[in-house]
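Asks: Structure file data.pdb (PDB, C-alpha atoms, pLDDT in the B column) is given on the next line.
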ATOM      1  CA  MET A   1      48.424  62.066  56.509  1.00 73.00           C
ATOM      2  CA  ALA A   2      51.592  61.322  58.457  1.00 75.00           C
ATOM      3  CA  LYS A   3      51.344  58.847  61.292  1.00 82.00           C
ATOM      4  CA  SER A   4      51.760  60.425  64.720  1.00 83.00           C
ATOM      5  CA  GLN A   5      54.372  59.129  67.120  1.00 88.00           C
ATOM      6  CA  TYR A   6      51.908  59.776  69.937  1.00 88.00           C
ATOM      7  CA  ILE A   7      49.990  56.804  71.347  1.00 88.00           C
ATOM      8  CA  VAL A   8      47.032  57.379  73.654  1.00 89.00           C
ATOM      9  CA  PRO A   9      47.974  56.028  77.096  1.00 87.00           C
ATOM     10  CA  ALA A  10      46.275  52.963  78.585  1.00 89.00           C
ATOM     11  CA  GLY A  11      43.613  54.018  81.050  1.00 87.00           C
ATOM     12  CA  THR A  12      42.389  56.864  78.845  1.00 87.00           C
ATOM     13  CA  SER A  13      38.609  56.893  78.523  1.00 85.00           C
ATOM     14  CA  ILE A  14      35.906  58.860  76.765  1.00 83.00           C
ATOM     15  CA  GLY A  15      34.415  61.153  79.406  1.00 87.00           C
ATOM     16  CA  HIS A  16      30.915  62.031  78.255  1.00 94.00           C
ATOM     17  CA  VAL A  17      28.718  62.672  75.264  1.00 96.00           C
ATOM     18  CA  HIS A  18      26.591  65.755  74.684  1.00 96.00           C
ATOM     19  CA  LEU A  19      23.585  65.287  72.403  1.00 96.00           C
ATOM     20  CA  LYS A  20      21.462  67.817  70.565  1.00 96.00           C
ATOM     21  CA  VAL A  21      17.785  66.956  71.084  1.00 97.00           C
ATOM     22  CA  ALA A  22      14.524  68.415  69.813  1.00 97.00           C
ATOM     23  CA  ASP A  23      12.555  68.109  73.054  1.00 98.00           C
ATOM     24  CA  LEU A  24      14.359  68.088  76.400  1.00 98.00           C
ATOM     25  CA  LYS A  25      11.476  66.552  78.394  1.00 98.00           C
ATOM     26  CA  ARG A  26      11.077  63.745  75.866  1.00 98.00           C
ATOM     27  CA  ALA A  27      14.822  63.043  75.984  1.00 98.00           C
ATOM     28  CA  LEU A  28      14.799  63.004  79.809  1.00 98.00           C
ATOM     29  CA  ASP A  29      11.801  60.653  79.793  1.00 98.00           C
ATOM     30  CA  PHE A  30      13.870  58.235  77.701  1.00 98.00           C
ATOM     31  CA  TYR A  31      17.305  58.525  79.314  1.00 98.00           C
ATOM     32  CA  CYS A  32      16.073  58.824  82.922  1.00 98.00           C
ATOM     33  CA  GLY A  33      12.627  57.228  82.735  1.00 98.00           C
ATOM     34  CA  VAL A  34      13.600  54.194  80.620  1.00 98.00           C
ATOM     35  CA  LEU A  35      17.382  53.768  80.837  1.00 98.00           C
ATOM     36  CA  GLY A  36      17.539  54.840  84.489  1.00 98.00           C
ATOM     37  CA  PHE A  37      20.105  57.650  84.389  1.00 98.00           C
ATOM     38  CA  GLU A  38      19.803  60.220  87.169  1.00 98.00           C
ATOM     39  CA  LEU A  39      19.307  63.929  86.560  1.00 98.00           C
ATOM     40  CA  GLN A  40      22.236  65.845  88.048  1.00 98.00           C
ATOM     41  CA  GLN A  41      21.486  69.379  86.900  1.00 97.00           C
ATOM     42  CA  MET A  42      19.213  71.391  84.658  1.00 97.00           C
ATOM     43  CA  TYR A  43      20.578  74.383  82.798  1.00 95.00           C
ATOM     44  CA  GLY A  44      17.406  76.417  82.540  1.00 95.00           C
ATOM     45  CA  ASP A  45      14.942  74.741  80.216  1.00 95.00           C
ATOM     46  CA  GLN A  46      17.543  74.204  77.497  1.00 97.00           C
ATOM     47  CA  ALA A  47      19.942  71.575  78.835  1.00 98.00           C
ATOM     48  CA  ALA A  48      20.211  68.733  81.314  1.00 98.00           C
ATOM     49  CA  PHE A  49      23.127  66.751  82.667  1.00 98.00           C
ATOM     50  CA  ILE A  50      22.523  63.115  83.631  1.00 98.00           C
ATOM     51  CA  SER A  51      24.682  60.320  84.987  1.00 97.00           C
ATOM     52  CA  ALA A  52      25.020  56.990  86.704  1.00 97.00           C
ATOM     53  CA  GLY A  53      26.173  56.866  90.302  1.00 95.00           C
ATOM     54  CA  GLY A  54      26.248  60.601  90.974  1.00 94.00           C
ATOM     55  CA  TYR A  55      29.018  61.478  88.508  1.00 94.00           C
ATOM     56  CA  HIS A  56      28.709  65.081  87.272  1.00 94.00           C
ATOM     57  CA  HIS A  57      27.486  63.870  83.880  1.00 96.00           C
ATOM     58  CA  HIS A  58      27.873  61.036  81.462  1.00 96.00           C
ATOM     59  CA  ILE A  59      25.351  62.504  79.034  1.00 97.00           C
ATOM     60  CA  GLY A  60      24.509  66.108  78.340  1.00 97.00           C
ATOM     61  CA  LEU A  61      21.250  66.853  76.533  1.00 98.00           C
ATOM     62  CA  ASN A  62      20.578  70.248  75.013  1.00 97.00           C
ATOM     63  CA  THR A  63      18.214  72.125  72.701  1.00 97.00           C
ATOM     64  CA  TRP A  64      20.576  75.074  72.083  1.00 96.00           C
ATOM     65  CA  GLU A  65      20.682  74.506  68.304  1.00 95.00           C
ATOM     66  CA  SER A  66      18.053  71.822  67.907  1.00 96.00           C
ATOM     67  CA  LYS A  67      14.784  72.688  69.702  1.00 97.00           C
ATOM     68  CA  GLY A  68      11.937  71.307  67.589  1.00 97.00           C
ATOM     69  CA  GLY A  69      14.466  70.009  65.075  1.00 96.00           C
ATOM     70  CA  THR A  70      14.443  66.829  63.052  1.00 95.00           C
ATOM     71  CA  PRO A  71      16.992  63.991  63.026  1.00 93.00           C
ATOM     72  CA  PRO A  72      19.773  64.098  60.417  1.00 90.00           C
ATOM     73  CA  ALA A  73      18.775  62.542  57.112  1.00 90.00           C
ATOM     74  CA  PRO A  74      20.106  59.070  56.271  1.00 88.00           C
ATOM     75  CA  GLY A  75      23.346  59.238  54.327  1.00 91.00           C
ATOM     76  CA  THR A  76      24.705  62.212  56.249  1.00 92.00           C
ATOM     77  CA  THR A  77      27.653  62.309  58.594  1.00 92.00           C
ATOM     78  CA  GLY A  78      27.421  62.531  62.356  1.00 89.00           C
ATOM     79  CA  LEU A  79      27.475  60.410  65.468  1.00 90.00           C
ATOM     80  CA  TYR A  80      26.793  56.732  64.712  1.00 91.00           C
ATOM     81  CA  HIS A  81      25.935  55.793  68.284  1.00 95.00           C
ATOM     82  CA  THR A  82      26.633  56.455  71.919  1.00 96.00           C
ATOM     83  CA  ALA A  83      27.817  53.328  73.713  1.00 96.00           C
ATOM     84  CA  ILE A  84      26.793  52.758  77.321  1.00 96.00           C
ATOM     85  CA  LEU A  85      28.975  50.181  79.092  1.00 96.00           C
ATOM     86  CA  TYR A  86      27.357  48.179  81.913  1.00 96.00           C
ATOM     87  CA  PRO A  87      29.538  46.643  84.639  1.00 96.00           C
ATOM     88  CA  THR A  88      27.936  43.171  84.545  1.00 96.00           C
ATOM     89  CA  ILE A  89      25.855  41.006  82.231  1.00 97.00           C
ATOM     90  CA  ILE A  90      23.057  41.210  84.826  1.00 97.00           C
ATOM     91  CA  ASP A  91      23.098  45.015  84.575  1.00 97.00           C
ATOM     92  CA  LEU A  92      22.834  44.760  80.789  1.00 97.00           C
ATOM     93  CA  ALA A  93      19.954  42.285  81.165  1.00 97.00           C
ATOM     94  CA  ASN A  94      18.180  44.696  83.552  1.00 97.00           C
ATOM     95  CA  ALA A  95      18.608  47.552  81.063  1.00 97.00           C
ATOM     96  CA  PHE A  96      17.245  45.314  78.299  1.00 97.00           C
ATOM     97  CA  LYS A  97      14.240  44.472  80.452  1.00 97.00           C
ATOM     98  CA  ALA A  98      13.594  48.199  81.054  1.00 97.00           C
ATOM     99  CA  VAL A  99      13.771  48.802  77.299  1.00 97.00           C
ATOM    100  CA  THR A 100      11.356  45.959  76.520  1.00 97.00           C
ATOM    101  CA  ASN A 101       9.012  47.011  79.356  1.00 96.00           C
ATOM    102  CA  ALA A 102       8.875  50.477  77.742  1.00 97.00           C
ATOM    103  CA  GLY A 103       7.767  48.840  74.493  1.00 97.00           C
ATOM    104  CA  LEU A 104      10.884  49.929  72.611  1.00 97.00           C
ATOM    105  CA  GLN A 105      12.282  47.890  69.752  1.00 96.00           C
ATOM    106  CA  LEU A 106      15.924  47.014  69.200  1.00 98.00           C
ATOM    107  CA  ASP A 107      17.619  47.844  65.902  1.00 97.00           C
ATOM    108  CA  GLY A 108      19.900  44.878  66.461  1.00 98.00           C
ATOM    109  CA  ALA A 109      21.857  42.761  68.908  1.00 98.00           C
ATOM    110  CA  ALA A 110      25.178  40.966  68.635  1.00 98.00           C
ATOM    111  CA  ASP A 111      27.816  38.952  70.422  1.00 98.00           C
ATOM    112  CA  HIS A 112      31.033  40.571  69.227  1.00 98.00           C
ATOM    113  CA  GLY A 113      33.222  38.037  70.992  1.00 97.00           C
ATOM    114  CA  VAL A 114      34.554  40.829  73.211  1.00 98.00           C
ATOM    115  CA  SER A 115      31.129  42.108  74.243  1.00 98.00           C
ATOM    116  CA  ILE A 116      27.381  41.570  74.161  1.00 98.00           C
ATOM    117  CA  ALA A 117      25.667  44.541  72.518  1.00 98.00           C
ATOM    118  CA  LEU A 118      22.111  45.776  72.060  1.00 98.00           C
ATOM    119  CA  TYR A 119      21.312  48.582  69.611  1.00 98.00           C
ATOM    120  CA  LEU A 120      18.359  50.962  69.639  1.00 98.00           C
ATOM    121  CA  ARG A 121      17.459  54.606  68.979  1.00 97.00           C
ATOM    122  CA  ASP A 122      16.530  57.397  71.339  1.00 97.00           C
ATOM    123  CA  PRO A 123      13.487  59.617  70.596  1.00 96.00           C
ATOM    124  CA  ASP A 124      15.688  61.871  68.400  1.00 96.00           C
ATOM    125  CA  GLN A 125      16.899  58.850  66.430  1.00 95.00           C
ATOM    126  CA  ASN A 126      20.396  58.981  67.928  1.00 95.00           C
ATOM    127  CA  GLY A 127      21.933  55.524  67.920  1.00 96.00           C
ATOM    128  CA  ILE A 128      22.422  53.924  71.344  1.00 97.00           C
ATOM    129  CA  GLU A 129      24.504  50.839  72.118  1.00 97.00           C
ATOM    130  CA  LEU A 130      23.936  49.144  75.469  1.00 97.00           C
ATOM    131  CA  TYR A 131      26.755  46.688  76.087  1.00 97.00           C
ATOM    132  CA  TRP A 132      28.762  44.569  78.509  1.00 97.00           C
ATOM    133  CA  ASP A 133      32.421  43.710  77.953  1.00 97.00           C
ATOM    134  CA  LYS A 134      33.413  40.110  78.475  1.00 98.00           C
ATOM    135  CA  PRO A 135      36.539  39.491  80.562  1.00 97.00           C
ATOM    136  CA  GLN A 136      39.638  40.134  78.437  1.00 96.00           C
ATOM    137  CA  ASP A 137      40.881  36.565  78.860  1.00 96.00           C
ATOM    138  CA  GLN A 138      37.756  35.438  76.954  1.00 96.00           C
ATOM    139  CA  TRP A 139      38.244  37.767  73.971  1.00 97.00           C
ATOM    140  CA  PRO A 140      38.731  35.858  70.713  1.00 97.00           C
ATOM    141  CA  ARG A 141      42.165  36.129  69.147  1.00 97.00           C
ATOM    142  CA  GLY A 142      43.519  35.035  65.813  1.00 96.00           C
ATOM    143  CA  PRO A 143      46.693  33.009  65.260  1.00 96.00           C
ATOM    144  CA  ASP A 144      48.687  36.268  65.305  1.00 96.00           C
ATOM    145  CA  GLY A 145      47.335  37.108  68.791  1.00 94.00           C
ATOM    146  CA  LYS A 146      45.335  40.088  67.548  1.00 96.00           C
ATOM    147  CA  LEU A 147      41.660  40.552  68.359  1.00 96.00           C
ATOM    148  CA  ALA A 148      39.281  38.577  66.160  1.00 96.00           C
ATOM    149  CA  MET A 149      35.940  40.254  66.881  1.00 97.00           C
ATOM    150  CA  VAL A 150      32.803  38.667  65.459  1.00 96.00           C
ATOM    151  CA  ASN A 151      29.199  39.599  64.818  1.00 96.00           C
ATOM    152  CA  ALA A 152      27.302  36.557  66.082  1.00 97.00           C
ATOM    153  CA  ARG A 153      23.672  36.153  67.119  1.00 97.00           C
ATOM    154  CA  ILE A 154      22.724  36.295  70.763  1.00 97.00           C
ATOM    155  CA  ASP A 155      19.828  34.627  72.487  1.00 97.00           C
ATOM    156  CA  LEU A 156      17.760  37.632  73.608  1.00 98.00           C
ATOM    157  CA  LYS A 157      15.337  35.471  75.598  1.00 98.00           C
ATOM    158  CA  ALA A 158      18.234  33.980  77.566  1.00 98.00           C
ATOM    159  CA  LEU A 159      19.628  37.469  78.184  1.00 98.00           C
ATOM    160  CA  LEU A 160      16.245  38.685  79.401  1.00 97.00           C
ATOM    161  CA  GLN A 161      15.997  35.696  81.780  1.00 98.00           C
ATOM    162  CA  GLN A 162      19.137  36.956  83.543  1.00 98.00           C
ATOM    163  CA  ALA A 163      17.378  40.196  84.549  1.00 97.00           C
ATOM    164  CA  THR A 164      16.798  40.584  88.260  1.00 96.00           C
ATOM    165  CA  LEU A 165      14.291  43.460  88.103  1.00 87.00           C
TER     166      LEU A 165
END
As a first step, turn the structure in this file into structure tokens.

Replies:
Amino acid sequence: MAKSQYIVPAGTSIGHVHLKVADLKRALDFYCGVLGFELQQMYGDQAAFISAGGYHHHIGLNTWESKGGTPPAPGTTGLYHTAILYPTIIDLANAFKAVTNAGLQLDGAADHGVSIALYLRDPDQNGIELYWDKPQDQWPRGPDGKLAMVNARIDLKALLQQATL
């Protein structure tokens, strides 16, 4: 494949994700009831649009092709995870507390040098990353000045102690 001359401009962002779910109520219970997103609109009984801060939607949930369905089998292609970026470490800690209060288990957690990340699954087994970006001046760089991300352990108890909820 030939390399494109086009470079995505700085300031570009990923707008939203739309997930196929088996049970819309169950998905809303997780995304709104546990993670705290707000329902913006229902599209009949087949889809819902949820967001943070009143935005039209960050996440769309639908059963159009998946009502009563099962998660993709391991070893198949598809979405690895949806990443939810929190504005502060305290916000991430509050989300983590909500997850633990709901009795949910993490799949993993890591300090990537550039961010602190928590990994879990929604009720349809879609991967979810809850994360906070560290300030750019703290990002690790190699001798060549390029990013040198890591996969280090984080102290989950210390993170939880930062929660204000």

Asks: Hey, what's within 12 Å of stretch 162-165 of chain A if we count all atoms listed in the file and toss same-chain stuff fewer than 3 positions away? As number ranges by chain, please?

Replies: A: 88-101, 155-159

Asks: Please compute the atom CA of A:Ala52-atom CA of A:Phe37 distance, one decimal, in Å.

Replies: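 Rounded to one decimal, the two atoms are 5.5 Å apart.
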
Asks: With stretch 121-139 of chain A as the partner and 9 Å as the cut-off, tabulate the residues of stretch 22-60 of chain A that qualify, each row holding the nearest pair of atoms and their distance in Å to one decimal, using all atoms listed in the file, sorted by chain and rising number, as CSV.

Replies:
residue,atom,partner,partner_atom,distance
A:Ala22,CA,A:Asp124,CA,6.8
A:Asp23,CA,A:Asp124,CA,8.4
A:Arg26,CA,A:Pro123,CA,7.1
A:Ala27,CA,A:Pro123,CA,6.5
A:Phe30,CA,A:Asp122,CA,6.9
A:Tyr31,CA,A:Asp122,CA,8.1

Asks: Which residues are close to stretch 61-64 of chain A, i.e. within 6 Å by all atoms listed in the file, leaving aside same-chain residues fewer than 5 positions away? Reply as a list in words.

Replies: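 With the cut-off at 6 Å, the set is His18, Leu19, Lys20, Val21, Ala22, Gln46, Ala47 and Ala48 of chain A.
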
Asks: Mind writing the picked residues with C-alpha atoms as a short mmCIF file (atom, residue, chain, number, x, y, z; two decimals), in the frame of the given file?

Replies:
data_model
loop_
_atom_site.label_atom_id
_atom_site.label_comp_id
_atom_site.auth_asym_id
_atom_site.auth_seq_id
_atom_site.Cartn_x
_atom_site.Cartn_y
_atom_site.Cartn_z
CA HIS A 18 26.59 65.76 74.68
CA LEU A 19 23.58 65.29 72.40
CA LYS A 20 21.46 67.82 70.56
CA VAL A 21 17.78 66.96 71.08
CA ALA A 22 14.52 68.42 69.81
CA GLN A 46 17.54 74.20 77.50
CA ALA A 47 19.94 71.58 78.83
CA ALA A 48 20.21 68.73 81.31
#

Asks: Between A:Ile59, A:Leu24, A:Ala152, A:Ala10, single out the one closest to A:Gln40, counting only C-alpha atoms.

Replies: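 Ranking A:Ile59, A:Leu24, A:Ala152, A:Ala10 by distance to A:Gln40, first place goes to A:Ile59.
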
Asks: I'd like the interatomic distance between atom CA of A:Leu104 and atom CA of A:Gly36, to a tenth of an Å.

Replies: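 Calculated distance between atom CA of A:Leu104 and atom CA of A:Gly36 is 14.5 Å.
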
Asks: Quick one, how far is atom CA of A:Thr70 from atom CA of A:Ile84?

Replies: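 Interatomic distance, atom CA of A:Thr70 to atom CA of A:Ile84: 23.5 Å.
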
Asks: Could you check which residues have any atom within 12 Å of (21.8, 43.0, 64.4), counting all atoms listed in the file with coordinates taken straight from the file, and then list them as a tab-separated table (two decimals) with C-alpha atoms, keeping the file's coordinate frame?

Replies:
chain	number	residue	atom	x	y	z
A	105	GLN	CA	12.28	47.89	69.75
A	106	LEU	CA	15.92	47.01	69.20
A	107	ASP	CA	17.62	47.84	65.90
A	108	GLY	CA	19.90	44.88	66.46
A	109	ALA	CA	21.86	42.76	68.91
A	110	ALA	CA	25.18	40.97	68.64
A	111	ASP	CA	27.82	38.95	70.42
A	112	HIS	CA	31.03	40.57	69.23
A	116	ILE	CA	27.38	41.57	74.16
A	117	ALA	CA	25.67	44.54	72.52
A	118	LEU	CA	22.11	45.78	72.06
A	119	TYR	CA	21.31	48.58	69.61
A	120	LEU	CA	18.36	50.96	69.64
A	129	GLU	CA	24.50	50.84	72.12
A	150	VAL	CA	32.80	38.67	65.46
A	151	ASN	CA	29.20	39.60	64.82
A	152	ALA	CA	27.30	36.56	66.08
A	153	ARG	CA	23.67	36.15	67.12
A	154	ILE	CA	22.72	36.30	70.76
A	155	ASP	CA	19.83	34.63	72.49
A	156	LEU	CA	17.76	37.63	73.61

Asks: Using all atoms of stretch 52-68 of chain A listed in the file and a margin of 6 Å per side, can you give the axis-aligned box centre and edge lengths in Å to one decimal, as JSON?

Replies:
{"center_x": 20.5, "center_y": 66.0, "center_z": 79.3, "size_x": 29.1, "size_y": 30.2, "size_z": 35.4}
